[in-house]
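J.: Got run_38.txt for you, compact mmCIF, C-alpha atoms and all ligand atoms:
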# COMPACT_ATOMS: atom_id res chain seq x y z
CA MET A 122 -9.29 98.18 8.66
CA ALA A 123 -8.61 96.45 5.36
CA LYS A 124 -6.03 99.11 4.63
CA LEU A 125 -4.29 98.52 7.94
CA LEU A 126 -4.27 94.78 7.35
CA LEU A 127 -2.82 95.30 3.89
CA SER A 128 -0.04 97.55 5.12
CA THR A 129 0.72 95.09 7.92
CA LEU A 130 0.95 92.32 5.36
CA LEU A 131 3.18 94.46 3.17
CA LEU A 132 5.42 95.21 6.12
CA ALA A 133 5.61 91.54 6.98
CA LEU A 134 6.49 90.71 3.39
CA LEU A 135 9.09 93.45 3.26
CA HIS A 136 10.54 92.19 6.50
CA LEU A 137 10.67 88.68 5.06
CA LEU A 138 12.39 89.87 1.90
CA LEU A 139 14.89 92.10 3.65
CA GLY A 140 15.33 89.66 6.51
CA SER A 141 16.17 86.79 4.21
CA ARG A 142 19.00 88.81 2.70
CA SER A 143 21.06 88.52 5.85
CA ASP A 144 20.48 84.77 6.24
CA SER A 145 23.39 82.56 5.33
CA LEU A 146 23.10 79.91 2.63
CA GLY A 147 25.04 77.51 4.78
CA GLU A 148 28.02 77.09 7.03
CA PHE A 149 30.66 74.53 7.78
CA CYS A 150 32.03 74.13 11.29
CA ASN A 151 34.79 71.55 11.37
CA PHE A 152 33.92 69.60 14.51
CA LYS A 153 37.24 67.76 14.25
CA LYS A 154 39.11 70.97 14.80
CA LYS A 155 38.16 72.46 18.14
CA ILE A 156 39.80 75.59 19.48
CA SER A 157 41.89 74.51 22.45
CA ASP A 158 43.40 77.78 23.64
CA LYS A 159 42.53 81.38 24.28
CA PRO A 160 45.12 83.00 21.95
CA THR A 161 43.57 81.21 18.93
CA MET A 162 40.17 82.60 19.94
CA ILE A 163 41.64 86.09 20.15
CA ASN A 164 43.44 85.72 16.81
CA ILE A 165 40.18 84.72 15.11
CA GLY A 166 38.66 87.99 16.33
CA LEU A 167 41.67 89.95 15.06
CA VAL A 168 41.56 88.27 11.65
CA LEU A 169 37.83 88.92 11.32
CA SER A 170 38.22 92.61 12.06
CA LYS A 171 41.09 92.87 9.58
CA LEU A 172 38.88 91.26 6.93
CA GLU A 173 36.04 93.66 7.74
CA THR A 174 38.40 96.60 7.20
CA LYS A 175 40.24 95.33 4.14
CA ALA A 176 37.59 93.46 2.12
CA PRO A 177 35.05 96.07 0.93
CA SER A 178 37.33 98.15 -1.33
CA ASN A 179 38.56 95.14 -3.35
CA ARG A 180 35.64 92.79 -2.64
CA PHE A 181 38.33 90.44 -1.42
CA ALA A 182 40.88 90.14 1.37
CA THR A 183 43.07 87.67 3.14
CA ALA A 184 44.45 88.23 6.62
CA SER A 185 46.39 86.40 9.29
CA ASP A 186 47.40 86.96 12.88
CA GLY A 187 49.25 85.19 15.68
CA GLN A 188 52.25 82.90 15.91
CA GLY A 189 52.89 79.17 15.61
CA LYS A 190 49.97 76.85 16.29
CA GLU A 191 47.81 79.77 17.26
CA ARG A 192 48.19 81.56 13.94
CA VAL A 193 44.86 82.10 12.16
CA TYR A 194 44.35 82.61 8.42
CA GLY A 195 41.24 84.24 7.04
CA LEU A 196 39.69 84.98 3.67
CA LEU A 197 36.73 87.02 2.57
CA GLN A 198 35.39 86.96 -0.99
CA CYS A 199 32.48 89.15 -2.04
CA ARG A 200 30.59 88.51 -5.23
CA GLY A 201 32.18 90.35 -8.15
CA ASP A 202 29.03 92.27 -9.08
CA ILE A 203 28.15 93.85 -5.73
CA SER A 204 29.03 97.32 -4.42
CA PRO A 205 31.70 97.93 -1.75
CA LYS A 206 28.85 98.98 0.55
CA ASP A 207 27.03 95.66 0.13
CA CYS A 208 30.34 93.85 0.47
CA SER A 209 30.91 95.64 3.74
CA SER A 210 27.54 94.70 5.21
CA CYS A 211 27.84 91.10 4.00
CA THR A 212 31.29 90.87 5.61
CA SER A 213 29.92 92.11 8.94
CA ASP A 214 26.99 89.68 8.78
CA ALA A 215 29.33 86.82 7.91
CA ALA A 216 31.81 87.63 10.70
CA LYS A 217 29.02 87.88 13.24
CA HIS A 218 27.14 84.74 12.18
CA VAL A 219 30.16 82.48 11.75
CA ARG A 220 31.33 83.02 15.31
CA HIS A 221 27.84 82.43 16.59
CA LEU A 222 27.37 79.26 14.51
CA CYS A 223 30.87 77.85 14.97
CA PRO A 224 31.91 79.17 18.40
CA ASP A 225 34.45 76.41 19.18
CA GLU A 226 35.92 75.55 15.79
CA ALA A 227 39.31 76.58 14.42
CA ASP A 228 38.09 75.80 10.89
CA ALA A 229 34.89 77.62 9.97
CA ARG A 230 33.26 78.76 6.75
CA ILE A 231 30.05 80.59 5.90
CA TRP A 232 28.32 81.24 2.60
CA PHE A 233 26.00 84.14 1.88
CA ASP A 234 24.46 85.21 -1.38
CA SER A 235 26.91 88.13 -1.61
CA CYS A 236 30.00 86.85 0.17
CA PHE A 237 31.95 83.91 1.55
CA LEU A 238 34.06 83.97 4.69
CA ARG A 239 36.48 81.41 6.00
CA TYR A 240 39.17 81.04 8.65
CA ASN A 241 41.45 78.24 9.76
CA THR A 242 44.59 77.67 11.84
CA ASP A 243 46.02 75.85 8.80
CA ASP A 244 47.11 78.02 5.91
CA PHE A 245 44.60 77.34 3.13
CA ILE A 246 45.28 80.48 1.06
CA GLY A 247 45.80 79.65 -2.62
CA GLU A 248 44.76 76.00 -2.26
CA LEU A 249 41.99 74.36 -4.24
CA ASP A 250 39.29 72.94 -1.97
CA THR A 251 36.14 71.25 -3.25
CA ARG A 252 35.82 68.75 -0.41
CA TYR A 253 32.77 70.39 1.11
CA GLY A 254 29.88 71.55 -1.02
CA ILE A 255 26.42 73.02 -0.59
CA PHE A 256 23.86 72.52 -3.34
CA TYR A 257 20.65 74.40 -3.97
CA TRP A 258 18.44 73.49 -6.87
CA ASN A 259 15.16 74.53 -8.35
CA VAL A 260 12.75 71.64 -7.81
CA GLU A 261 11.22 72.05 -11.29
CA ASN A 262 12.46 70.05 -14.27
CA VAL A 263 13.26 71.72 -17.57
CA THR A 264 11.37 70.88 -20.72
CA GLU A 265 13.62 69.67 -23.57
CA PRO A 266 16.34 68.52 -21.13
CA GLU A 267 18.84 67.60 -23.84
CA ARG A 268 18.74 70.91 -25.63
CA PHE A 269 18.74 72.73 -22.27
CA ALA A 270 21.85 70.84 -21.14
CA LYS A 271 23.62 71.78 -24.37
CA GLU A 272 22.75 75.49 -24.15
CA LEU A 273 23.62 75.52 -20.45
CA GLY A 274 26.95 73.82 -21.20
CA ASP A 275 27.78 76.46 -23.80
CA LEU A 276 26.82 79.26 -21.43
CA MET A 277 28.85 77.89 -18.52
CA ASN A 278 31.93 77.30 -20.70
CA ASN A 279 31.71 80.87 -21.88
CA VAL A 280 31.28 82.26 -18.37
CA LYS A 281 34.12 80.08 -17.05
CA ALA A 282 36.43 81.33 -19.82
CA LYS A 283 35.56 84.91 -18.83
CA ALA A 284 36.35 84.19 -15.18
CA VAL A 285 39.90 83.02 -15.85
CA GLN A 286 40.74 85.91 -18.20
CA PRO A 287 43.37 88.25 -16.78
CA GLY A 288 41.79 91.16 -14.95
CA ASN A 289 38.48 89.45 -14.29
CA LYS A 290 39.59 88.25 -10.86
CA GLY A 291 37.93 84.85 -11.16
CA PHE A 292 34.48 86.29 -11.81
CA GLY A 293 32.27 85.73 -14.85
CA SER A 294 28.60 86.11 -15.69
CA GLY A 295 26.48 85.86 -18.81
CA LYS A 296 23.21 84.75 -20.34
CA ILE A 297 21.89 82.76 -23.27
CA LYS A 298 18.45 82.72 -24.87
CA PHE A 299 16.82 79.30 -24.61
CA THR A 300 13.42 80.12 -26.09
CA GLN A 301 11.66 83.35 -26.99
CA PHE A 302 10.53 83.63 -23.36
CA VAL A 303 13.23 81.83 -21.41
CA THR A 304 16.78 83.06 -20.89
CA ILE A 305 19.37 81.13 -18.91
CA TYR A 306 21.59 83.23 -16.63
CA GLY A 307 24.93 81.93 -15.38
CA LEU A 308 27.50 83.15 -12.90
CA VAL A 309 30.76 81.74 -11.58
CA GLN A 310 33.34 82.94 -9.14
CA CYS A 311 36.57 81.68 -7.65
CA THR A 312 38.15 83.07 -4.51
CA GLN A 313 40.78 85.52 -5.74
CA ASP A 314 43.70 83.79 -4.02
CA LEU A 315 43.33 80.82 -6.37
CA PRO A 316 45.79 80.54 -9.28
CA LYS A 317 44.16 80.49 -12.73
CA LEU A 318 44.61 76.76 -13.29
CA GLN A 319 43.11 75.82 -9.93
CA CYS A 320 40.26 78.28 -10.53
CA ALA A 321 39.43 76.59 -13.85
CA GLN A 322 39.63 73.20 -12.15
CA CYS A 323 37.31 74.29 -9.33
CA LEU A 324 34.78 75.72 -11.79
CA SER A 325 34.83 72.56 -13.93
CA THR A 326 34.20 70.39 -10.88
CA ALA A 327 31.38 72.66 -9.75
CA ILE A 328 29.76 72.91 -13.20
CA SER A 329 29.91 69.12 -13.66
CA ASN A 330 27.22 68.89 -10.98
CA PHE A 331 24.74 70.48 -13.39
CA GLY A 332 24.57 67.19 -15.28
CA GLY A 333 25.72 63.64 -14.68
CA GLY A 334 22.59 62.50 -12.85
CA GLY A 335 23.33 64.67 -9.79
CA TYR A 336 21.00 66.89 -7.76
CA CYS A 337 20.92 69.55 -10.45
CA ASP A 338 20.61 67.40 -13.56
CA GLY A 339 17.65 68.59 -15.64
CA LYS A 340 16.67 71.30 -13.13
CA LYS A 341 15.66 74.87 -13.93
CA GLY A 342 18.29 76.31 -11.63
CA CYS A 343 21.18 75.29 -9.42
CA ARG A 344 23.91 76.63 -7.17
CA VAL A 345 27.01 74.77 -6.08
CA LEU A 346 28.97 76.39 -3.28
CA TYR A 347 32.50 75.19 -2.55
CA SER A 348 35.22 76.82 -0.45
CA SER A 349 37.26 77.79 -3.52
CA CYS A 350 34.52 78.69 -5.97
CA PHE A 351 30.82 78.80 -6.59
CA VAL A 352 28.65 78.48 -9.69
CA ARG A 353 25.01 79.20 -10.33
CA PHE A 354 22.47 79.24 -13.12
CA GLU A 355 18.80 80.25 -13.13
CA ILE A 356 16.13 81.07 -15.67
CA TYR A 357 15.70 84.49 -14.07
CA PRO A 358 18.22 87.32 -13.63
CA PHE A 359 19.97 87.14 -10.24
CA PHE A 360 23.09 89.23 -10.74
CA LEU A 361 23.78 92.89 -11.42
CA PRO A 362 22.91 94.69 -13.58
CA LEU A 363 19.49 93.28 -12.84
CA SER A 364 16.82 93.38 -15.56
CA ALA A 365 13.15 93.05 -14.61
CA TYR A 366 12.22 89.87 -12.79
CA THR A 367 10.43 87.38 -14.99
CA GLY A 368 8.35 85.54 -12.44
CA ASN A 369 10.36 82.39 -13.02
CA GLU A 370 11.68 82.21 -9.47
CA VAL A 371 10.74 79.01 -7.68
CA HIS A 372 11.43 77.46 -4.33
CA ALA A 373 14.71 75.60 -4.02
CA SER A 374 15.86 72.44 -2.29
CA GLN A 375 19.19 72.00 -0.56
CA ALA A 376 21.76 69.32 0.08
CA VAL A 377 25.26 69.13 1.44
CA TYR A 378 28.18 67.16 0.12
CA ASP A 379 30.73 66.50 2.80
CA ASN A 380 34.02 64.83 1.99
CA LEU A 381 35.75 66.09 5.13
CA GLY A 382 34.33 63.29 7.28
CA ASN A 383 32.11 65.46 9.44
C1 LIG A 401 11.58 65.77 -12.19
O1 LIG A 401 12.05 64.61 -12.81
C2 LIG A 401 12.38 63.55 -11.93
C3 LIG A 401 13.07 62.44 -12.69
O2 LIG A 401 12.50 62.26 -13.97
C4 LIG A 401 11.12 63.11 -11.20
O3 LIG A 401 11.42 62.07 -10.29
C5 LIG A 401 10.55 64.32 -10.43
O4 LIG A 401 9.35 63.97 -9.79
C6 LIG A 401 10.33 65.49 -11.36
N1 LIG A 401 10.00 66.66 -10.54
C7 LIG A 401 8.99 67.48 -10.79
C8 LIG A 401 8.81 68.61 -9.85
O5 LIG A 401 8.25 67.33 -11.73
Would you mind writing the file's structure down as structure tokens?
Ligand SMILES: *[C@@H]1O[C@H](CO)[C@@H](O)[C@H](O)[C@H]1NC(C)=O
T.:
Amino acid sequence: MAKLLLSTLLLALLHLLLGSRSDSLGEFCNFKKKISDKPTMINIGLVLSKLETKAPSNRFATASDGQGKERVYGLLQCRGDISPKDCSSCTSDAAKHVRHLCPDEADARIWFDSCFLRYNTDDFIGELDTRYGIFYWNVENVTEPERFAKELGDLMNNVKAKAVQPGNKGFGSGKIKFTQFVTIYGLVQCTQDLPKLQCAQCLSTAISNFGGGGYCDGKKGCRVLYSSCFVRFEIYPFFLPLSAYTGNEVHASQAVYDNLGN
């Protein structure tokens, strides 16, 4: 009986862990931009299936379909450290969820841990966009906040420099030892359509949220998700290659920054 209960609990836990992997971190449905015609709806479907086909091999794709006002532009960016297989399943999840969550919008975006998907009837490819942001932060405060901020600043500068190096496709990750027992892990990524200068600008804007009295100031971990880039740091490893978990993971809080007037 106890054994059965234990295995049921384990199954439930496993389900929870696996289940949470396909949950989105957030979405943005632009309620000011409703789909007003059937061709646009059809073109969204066509763009999504193109992205599903094209994205996994490069972890990135853009696509478009249709003519005139009904033309739809799409972009899919997978995280730089995941496999084509994981990119493929994230793309499918994203395409499915975004249409479910934003059924009537011609401007929709969805963020997952492993990928970001976006489409719009306006051409946004190559344009810097930090107007809408999602923030997650670890609710715990760091000890020695000043020294932490300095080490974190050094780490993020380093990781940002990596991301804009030729060949790195806007992706950078790294770590820095804070104490004997605590290591800070950082990761940044731009969407690959973004020119180098705009990528650096996006990352700087995103990283600035780690200090300056914002949500993430003095916290043990934070993610900032924009449409053109995202940045994250934690005091546990969260990117590949993954070393052993340290038990430093803690529950996070969330907020949304919306400068699109929604
Ligand atoms: C973290 O620090 C802030 C500001 O000093 C404080 O308001 C908050 O309660 C602290 N949070 C925790 C979890 O200790």
J.: Residues near A:Phe292, anyone? I mean within 9 Å using all atoms listed in the file, not counting same-chain ones fewer than 5 positions away, as a ChimeraX atom specification.
T.: /A:200-202,280-281,283-286,308-313
J.: Give one line per residue of chain A that approaches ligand LIG 401 (chain A) to at most 7 Å, naming the two atoms of the closest pair and their distance in Å to one decimal, counting only C-alpha atoms and all ligand atoms; sort by chain then ascending residue number and deliver it as a Markdown table.
T.:
| residue | atom | partner | partner_atom | distance |
| --- | --- | --- | --- | --- |
| A:Val260 | CA | A:LIG401 | C8 | 5.4 |
| A:Glu261 | CA | A:LIG401 | C8 | 4.4 |
| A:Asn262 | CA | A:LIG401 | C1 | 4.8 |
J.: Go through A:Ala376, A:Ile297, A:Leu249, A:Cys211 and flag the residue nearest A:Tyr357, using all atoms listed in the file for the distances.
T.: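 Answer, going by the shortest atom-to-atom distance: A:Ile297.
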J.: Taking all atoms listed in the file into account, name the residue in A:Lys317, A:Lys271, A:Lys171, A:Lys290 that is nearest to A:Ser185.
T.: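 Smallest separation from A:Ser185 among the options: A:Lys171.
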J.: For A:Cys223, find every residue with an atom within 10 Å (counting all atoms listed in the file), except residues of its own chain fewer than 6 positions away, and show them as a list in words.
T.: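 Near A:Cys223, the qualifying residues are Glu148, Phe149, Cys150, Asn151, Phe152, Lys155, Ala229, Arg230 and Ile231 of chain A.
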J.: Show me, as lines of an AutoDock Vina configuration file, the centre and edge lengths in Å to one decimal of the axis-aligned box that covers every listed atom of stretch 277-282 of chain A with 8 Å on each side.
T.:
center_x = 32.6
center_y = 79.8
center_z = -19.5
size_x = 23.6
size_y = 21.0
size_z = 20.8
J.: Could you tell me how far atom CA of A:Trp258 sits from atom CA of A:Thr300, in Å to one decimal place?
T.: 20.9 Å
J.: For A:Arg268, please output as a list of chain:residue names all residues within 12 Å (counting only C-alpha atoms; exclusion window: fewer than 4 positions along the same chain).
T.: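 The neighbour list is A:Val263, A:Thr264, A:Glu272, A:Leu273, A:Gly274, A:Asp275, A:Lys298, A:Phe299, A:Thr300, A:Gly339.
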J.: Provide the atom CA of A:Ser178 to atom CA of A:Ser210 distance in Å, to one decimal place.
T.: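 Straight-line distance from atom CA of A:Ser178 to atom CA of A:Ser210 works out to 12.3 Å.
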J.: Closest to A:Ala327 among A:Ser145, A:Asn278, A:Ser294, A:Ser235, using only C-alpha atoms?
T.: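 Smallest separation from A:Ala327 among the options: A:Asn278.
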J.: So which residues touch A:Asp186 within 10 Å, counting only C-alpha atoms, skipping near sequence neighbours fewer than 2 positions away, as a count of residues only?
T.: 18
J.: Which distance in Å separates atom CA of A:Pro160 and atom CA of A:His218, to one decimal?
T.: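 Between these atoms lies a distance of 20.5 Å.
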J.: Counting all atoms listed in the file, which residues have an atom no more than 10 Å from (27.6, 90.9, 7.4) in the file's coordinates? Please list them as a PyMOL selection string.
T.: chain A and resi 143-145+173+207-219+233+235-236+238
J.: Compare A:Ala282, A:Ile356, A:Val345, A:Cys337 by their minimum atom-to-atom distance to A:Leu318, counting only C-alpha atoms, and give me the closest one.
T.: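 Ranking A:Ala282, A:Ile356, A:Val345, A:Cys337 by distance to A:Leu318, first place goes to A:Ala282.
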J.: Choose the residue, out of A:Gly307, A:Gly254, A:Ala227, A:Glu265, that has the smallest atom-to-atom separation from A:Glu355; count all atoms listed in the file.
T.: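 The closest residue to A:Glu355 is A:Gly307.
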J.: Which of these, A:Phe237, A:Trp232, A:Ile328, A:Asp225, has the shortest distance to A:Gln198 once you count all atoms listed in the file?
T.: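 Distance minimum relative to A:Gln198 lands on A:Phe237.
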J.: Could you name the residues that touch A:Val377 at 10 Å or less, counting all atoms listed in the file, but leaving out those on the same chain fewer than 2 positions away, as a list in words?
T.: Gly147, Phe149, Tyr253, Gly254, Ile255, Phe256, Tyr257, Val345, Leu346, Gln375, Asp379 and Asn380 of chain A
